[in-house]
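> One structure is given below, represented as structure tokens, and several questions about it will come after.
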Amino acid sequence: MIILPAIDLFQGQVVRLRQGKLDQKTVYPEDPLFYATRWEEEGANYLHVVDLEAAFTGEQRHFDLIKRLVSSLNIPVEVGGGVRSLPAAETLLKAGASRVVVGTKAVEDPTFVRDLVVRFGGEAVAVGVDAKDGKVAVKGWAEVTHLNAIDFIRRVQDAGADTITFTDIATDGMLSGPSFGMLEAVLDQTKCQVIASGGVATIDDVKRLAAIPGLYGTIIGKALFDGTVDLSEAVAVANAASDARGAV
């Protein structure tokens, strides 16, 4: 299992939201590059970056900052938030992002993921599946659709995307632990790489996630910023679990 620290951008600052709500945001004091470099030095396998303004509005406003982050790091970076067109995805990939994470447009347009895969390859496309009570949420989680999350995952897999980032909105930013039951249900229904997102609060959460067969990765945000999880320890736990499975 790989560990992906999360950096969420809003108005040029690093922030964390509770359950995706802007009126419940915490602003962190350092420059985004400070955190990105720190996470890399502490052993992160991948960086997960979200442009929150783009997620809410569909307008990319942090391109220059994201390009600087990507060019400054030696680890791969995935970028999400407001990626709702082929040109938007192409711009981020040309800037050096290893893959783009799409959400809203993939829900609204069933052909969008397939078009991305045809143009850029499945390995460059991740789909963010953000669920609330089993239904897919869009537009920065501001709207909840009637689309069943598992049905959407099947559709995404059929379209050729390699990776799914699954978030149970009820757990995001709450430091209450991931939604293990939902994760296992998702893993049971797809052959895509699944990244868990939301709720990690302690190293025990990381250990439990690392023990789930087939889980590709986990995104950790607030717990790193608040110091309830040490990134180096989390990476060591994930590596040990992977080594143990490989030895069986």
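Ligands are numbered from 1 in the order shown, residues from 1 within each chain, and chains are lettered A, B, ... in the order they appear in the structure tokens.
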Quick check for you: according to DSSP on this backbone, which residues of stretch 10-217 of chain A are classed as alpha helix (DSSP H)? Reply as JSON, numbers by chain.

{"A": [32, 33, 34, 35, 36, 37, 38, 39, 40, 41, 52, 53, 54, 55, 56, 57, 63, 64, 65, 66, 67, 68, 69, 70, 71, 72, 86, 87, 88, 89, 90, 91, 92, 93, 94, 104, 105, 106, 107, 108, 112, 113, 114, 115, 116, 117, 118, 119, 120, 149, 150, 151, 152, 153, 154, 155, 156, 157, 158, 159, 180, 181, 182, 183, 184, 185, 186, 187, 188, 189, 203, 204, 205, 206, 207, 208, 209, 210]}

> Restrict the selected residues to C-alpha atoms and save them as a PDB file, in the first residue's frame.


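See part_14.pdb below for the written result:
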```pdb
ATOM      1  CA  PRO A  32       2.371  24.620  -0.142  1.00  0.00           C
ATOM      2  CA  LEU A  33       5.896  23.817  -1.319  1.00  0.00           C
ATOM      3  CA  PHE A  34       7.038  23.607   2.313  1.00  0.00           C
ATOM      4  CA  TYR A  35       4.568  20.830   3.040  1.00  0.00           C
ATOM      5  CA  ALA A  36       5.154  19.047  -0.266  1.00  0.00           C
ATOM      6  CA  THR A  37       8.908  18.969   0.282  1.00  0.00           C
ATOM      7  CA  ARG A  38       8.468  17.863   3.878  1.00  0.00           C
ATOM      8  CA  TRP A  39       6.187  14.991   2.891  1.00  0.00           C
ATOM      9  CA  GLU A  40       8.649  13.854   0.246  1.00  0.00           C
ATOM     10  CA  GLU A  41      11.530  13.920   2.729  1.00  0.00           C
ATOM     11  CA  LEU A  52     -10.562  23.335  -4.150  1.00  0.00           C
ATOM     12  CA  GLU A  53     -11.535  26.507  -5.987  1.00  0.00           C
ATOM     13  CA  ALA A  54     -11.557  24.576  -9.251  1.00  0.00           C
ATOM     14  CA  ALA A  55     -13.613  21.833  -7.599  1.00  0.00           C
ATOM     15  CA  PHE A  56     -16.287  24.327  -6.608  1.00  0.00           C
ATOM     16  CA  THR A  57     -16.213  26.538  -9.720  1.00  0.00           C
ATOM     17  CA  PHE A  63      -1.992  26.051 -12.316  1.00  0.00           C
ATOM     18  CA  ASP A  64       1.268  27.963 -11.779  1.00  0.00           C
ATOM     19  CA  LEU A  65       1.468  26.810  -8.169  1.00  0.00           C
ATOM     20  CA  ILE A  66       0.744  23.203  -9.113  1.00  0.00           C
ATOM     21  CA  LYS A  67       3.374  23.337 -11.860  1.00  0.00           C
ATOM     22  CA  ARG A  68       5.914  24.618  -9.321  1.00  0.00           C
ATOM     23  CA  LEU A  69       5.032  21.813  -6.907  1.00  0.00           C
ATOM     24  CA  VAL A  70       5.375  19.135  -9.563  1.00  0.00           C
ATOM     25  CA  SER A  71       8.693  20.448 -10.873  1.00  0.00           C
ATOM     26  CA  SER A  72      10.144  20.704  -7.347  1.00  0.00           C
ATOM     27  CA  LEU A  86      -9.798  17.209 -22.037  1.00  0.00           C
ATOM     28  CA  PRO A  87      -7.812  20.478 -22.312  1.00  0.00           C
ATOM     29  CA  ALA A  88      -7.832  20.902 -18.510  1.00  0.00           C
ATOM     30  CA  ALA A  89      -6.501  17.378 -18.071  1.00  0.00           C
ATOM     31  CA  GLU A  90      -3.926  17.851 -20.815  1.00  0.00           C
ATOM     32  CA  THR A  91      -2.678  21.080 -19.248  1.00  0.00           C
ATOM     33  CA  LEU A  92      -2.049  19.385 -15.906  1.00  0.00           C
ATOM     34  CA  LEU A  93      -0.426  16.318 -17.448  1.00  0.00           C
ATOM     35  CA  LYS A  94       1.837  18.471 -19.610  1.00  0.00           C
ATOM     36  CA  THR A 104     -17.978  15.819 -11.465  1.00  0.00           C
ATOM     37  CA  LYS A 105     -17.581  15.600 -15.250  1.00  0.00           C
ATOM     38  CA  ALA A 106     -17.213  11.813 -15.064  1.00  0.00           C
ATOM     39  CA  VAL A 107     -20.616  11.675 -13.377  1.00  0.00           C
ATOM     40  CA  GLU A 108     -22.297  14.141 -15.709  1.00  0.00           C
ATOM     41  CA  PHE A 112     -15.695  11.599 -20.448  1.00  0.00           C
ATOM     42  CA  VAL A 113     -13.564   8.961 -18.712  1.00  0.00           C
ATOM     43  CA  ARG A 114     -13.327   6.860 -21.853  1.00  0.00           C
ATOM     44  CA  ASP A 115     -12.278   9.927 -23.856  1.00  0.00           C
ATOM     45  CA  LEU A 116      -9.548  10.667 -21.300  1.00  0.00           C
ATOM     46  CA  VAL A 117      -8.332   7.077 -21.384  1.00  0.00           C
ATOM     47  CA  VAL A 118      -8.187   7.048 -25.179  1.00  0.00           C
ATOM     48  CA  ARG A 119      -6.237  10.325 -25.239  1.00  0.00           C
ATOM     49  CA  PHE A 120      -3.883   9.862 -22.281  1.00  0.00           C
ATOM     50  CA  ALA A 149     -21.511   4.754  -5.879  1.00  0.00           C
ATOM     51  CA  ILE A 150     -20.971   1.072  -6.714  1.00  0.00           C
ATOM     52  CA  ASP A 151     -22.803   1.411 -10.037  1.00  0.00           C
ATOM     53  CA  PHE A 152     -20.619   4.418 -10.854  1.00  0.00           C
ATOM     54  CA  ILE A 153     -17.456   2.459 -10.010  1.00  0.00           C
ATOM     55  CA  ARG A 154     -18.472  -0.305 -12.392  1.00  0.00           C
ATOM     56  CA  ARG A 155     -19.038   2.275 -15.123  1.00  0.00           C
ATOM     57  CA  VAL A 156     -15.641   3.856 -14.511  1.00  0.00           C
ATOM     58  CA  GLN A 157     -13.913   0.486 -14.663  1.00  0.00           C
ATOM     59  CA  ASP A 158     -15.627  -0.346 -17.956  1.00  0.00           C
ATOM     60  CA  ALA A 159     -14.400   3.000 -19.322  1.00  0.00           C
ATOM     61  CA  PHE A 180     -13.686   0.257   6.323  1.00  0.00           C
ATOM     62  CA  GLY A 181     -16.940  -1.475   5.409  1.00  0.00           C
ATOM     63  CA  MET A 182     -17.544   0.710   2.381  1.00  0.00           C
ATOM     64  CA  LEU A 183     -13.948   0.265   1.259  1.00  0.00           C
ATOM     65  CA  GLU A 184     -14.228  -3.494   1.365  1.00  0.00           C
ATOM     66  CA  ALA A 185     -17.471  -3.314  -0.624  1.00  0.00           C
ATOM     67  CA  VAL A 186     -15.757  -1.144  -3.237  1.00  0.00           C
ATOM     68  CA  LEU A 187     -12.762  -3.502  -3.488  1.00  0.00           C
ATOM     69  CA  ASP A 188     -15.149  -6.394  -3.949  1.00  0.00           C
ATOM     70  CA  GLN A 189     -16.728  -4.734  -6.970  1.00  0.00           C
ATOM     71  CA  ILE A 203      -1.388   4.899  13.041  1.00  0.00           C
ATOM     72  CA  ASP A 204      -3.815   2.114  13.976  1.00  0.00           C
ATOM     73  CA  ASP A 205      -6.069   3.294  11.135  1.00  0.00           C
ATOM     74  CA  VAL A 206      -3.103   3.004   8.777  1.00  0.00           C
ATOM     75  CA  LYS A 207      -2.325  -0.499  10.063  1.00  0.00           C
ATOM     76  CA  ARG A 208      -5.913  -1.591   9.526  1.00  0.00           C
ATOM     77  CA  LEU A 209      -5.978  -0.155   6.016  1.00  0.00           C
ATOM     78  CA  ALA A 210      -2.648  -1.784   5.175  1.00  0.00           C
TER      79      ALA A 210
END
```

> Counting only C-alpha atoms, which residue out of A:Ser98, A:Phe225, A:Gly214, A:Glu59 sits closest to A:Glu30?

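Looking at the shortest contact to A:Glu30, the residue is A:Phe225.
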
> How many Å separate atom CA of A:Ser85 from atom CA of A:Gly103?

11.1 Å

> Determine, counting only C-alpha atoms, which protein, DNA and RNA residues have an atom within 9 Å of an atom of A:Asp168; residues of the same chain fewer than 3 positions away are not included. Present the result as a PDB file with N, CA and C atoms, in the first residue's frame.


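Contents of around-v2.pdb, as written:
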```pdb
ATOM      1  N   VAL A 129     -14.366   8.970  -6.504  1.00  0.00           N
ATOM      2  CA  VAL A 129     -15.729   8.534  -6.175  1.00  0.00           C
ATOM      3  C   VAL A 129     -16.003   9.012  -4.756  1.00  0.00           C
ATOM      4  N   ASP A 130     -16.765  10.079  -4.657  1.00  0.00           N
ATOM      5  CA  ASP A 130     -17.057  10.700  -3.366  1.00  0.00           C
ATOM      6  C   ASP A 130     -18.495  10.379  -3.001  1.00  0.00           C
ATOM      7  N   ALA A 131     -18.656   9.621  -1.931  1.00  0.00           N
ATOM      8  CA  ALA A 131     -19.982   9.079  -1.614  1.00  0.00           C
ATOM      9  C   ALA A 131     -20.535   9.632  -0.311  1.00  0.00           C
ATOM     10  N   LYS A 132     -21.814   9.902  -0.346  1.00  0.00           N
ATOM     11  CA  LYS A 132     -22.543  10.280   0.867  1.00  0.00           C
ATOM     12  C   LYS A 132     -23.778   9.392   0.956  1.00  0.00           C
ATOM     13  N   ASP A 133     -23.844   8.588   1.995  1.00  0.00           N
ATOM     14  CA  ASP A 133     -24.936   7.616   2.151  1.00  0.00           C
ATOM     15  C   ASP A 133     -25.071   6.729   0.911  1.00  0.00           C
ATOM     16  N   GLY A 134     -23.918   6.370   0.335  1.00  0.00           N
ATOM     17  CA  GLY A 134     -23.910   5.455  -0.801  1.00  0.00           C
ATOM     18  C   GLY A 134     -24.163   6.103  -2.141  1.00  0.00           C
ATOM     19  N   THR A 171     -16.647  10.776   6.690  1.00  0.00           N
ATOM     20  CA  THR A 171     -15.425  10.619   7.477  1.00  0.00           C
ATOM     21  C   THR A 171     -14.385  11.686   7.183  1.00  0.00           C
ATOM     22  N   ASP A 172     -14.544  12.436   6.085  1.00  0.00           N
ATOM     23  CA  ASP A 172     -13.466  13.309   5.636  1.00  0.00           C
ATOM     24  C   ASP A 172     -13.224  14.474   6.590  1.00  0.00           C
ATOM     25  N   PRO A 178     -11.416   5.689   8.920  1.00  0.00           N
ATOM     26  CA  PRO A 178     -11.985   5.472   7.582  1.00  0.00           C
ATOM     27  C   PRO A 178     -13.244   4.619   7.639  1.00  0.00           C
ATOM     28  N   SER A 179     -13.947   4.604   6.502  1.00  0.00           N
ATOM     29  CA  SER A 179     -15.143   3.778   6.372  1.00  0.00           C
ATOM     30  C   SER A 179     -14.718   2.414   5.831  1.00  0.00           C
ATOM     31  N   MET A 182     -17.320   0.226   3.745  1.00  0.00           N
ATOM     32  CA  MET A 182     -17.544   0.710   2.381  1.00  0.00           C
ATOM     33  C   MET A 182     -16.343   0.410   1.487  1.00  0.00           C
ATOM     34  N   LEU A 183     -15.147   0.559   2.036  1.00  0.00           N
ATOM     35  CA  LEU A 183     -13.948   0.265   1.259  1.00  0.00           C
ATOM     36  C   LEU A 183     -13.916  -1.188   0.801  1.00  0.00           C
ATOM     37  N   ALA A 196      -7.924   4.725  -0.710  1.00  0.00           N
ATOM     38  CA  ALA A 196      -8.853   5.162   0.337  1.00  0.00           C
ATOM     39  C   ALA A 196      -8.553   6.605   0.720  1.00  0.00           C
ATOM     40  N   SER A 197      -9.585   7.382   0.949  1.00  0.00           N
ATOM     41  CA  SER A 197      -9.410   8.783   1.317  1.00  0.00           C
ATOM     42  C   SER A 197     -10.416   9.158   2.394  1.00  0.00           C
ATOM     43  N   GLY A 198      -9.934   9.826   3.432  1.00  0.00           N
ATOM     44  CA  GLY A 198     -10.840  10.350   4.453  1.00  0.00           C
ATOM     45  C   GLY A 198     -10.844   9.566   5.740  1.00  0.00           C
ATOM     46  N   GLY A 199     -10.695  10.289   6.845  1.00  0.00           N
ATOM     47  CA  GLY A 199     -10.936   9.699   8.157  1.00  0.00           C
ATOM     48  C   GLY A 199      -9.735   9.191   8.908  1.00  0.00           C
TER      49      GLY A 199
END
```

> Could you state the separation of atom CA of A:Gln193 and atom CA of A:Ala161 in Å, given to one decimal place?

9.1 Å

> Please return, as a PyMOL selection string, all residues of stretch 18-238 of chain A that DSSP assigns to strand (DSSP E or B) on the basis of the backbone.

chain A and resi 18+21-28+47-51+77-80+99-102+125-132+135-138+143-148+163-168+193-197+217-220

> Pick out the residues sitting within 10 Å of A:Asn45, and hand them over as a list of chain:residue names; count only C-alpha atoms, and ignore anything fewer than 5 positions along from it in its own chain.

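Answer for this query is A:Met1, A:Ile2, A:Ile3, A:Leu4, A:Pro5, A:Trp39, A:Glu40, A:Asn74, A:Ile75, A:Pro76, A:Val77, A:Gly217, A:Val235.
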
> Using only C-alpha atoms, pick whichever of A:Ile220, A:Val102, A:Ala95, A:Ile212 has the shortest atom-to-atom distance to A:Arg16.

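Once distances to A:Arg16 are computed over only C-alpha atoms, the minimum belongs to A:Ile220.
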
> Between A:Gly12, A:Gly121, A:Gly58, A:Gly160, single out the one closest to A:Val83, counting only C-alpha atoms.

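Checking each of A:Gly12, A:Gly121, A:Gly58, A:Gly160 against A:Val83, counting only C-alpha atoms, the winner is A:Gly58.
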
> Name the closest residue to A:Asp226 among the candidates A:Lys139, A:Leu73, A:Gln13, A:Thr202; distances are taken between atoms, counting only C-alpha atoms.

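Using only C-alpha atoms, A:Asp226 sits closest to A:Thr202.
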
> So, with only C-alpha atoms as the atoms that count, which of A:Asn148, A:Thr218, A:Gln11, A:Thr228 lies closest to A:Ala201?

A:Thr228

> Quick one: everything within 8 Å of A:Lys25, counting only C-alpha atoms, minus sequence neighbours fewer than 6 positions away in the same chain. Send it as a list of chain:residue names.

A:Val15, A:Arg16, A:Leu17, A:Arg18

> Have a look at atom CA of A:Gly82 and atom CA of A:Gly96 and let me know their distance in Å, one decimal.

17.3 Å
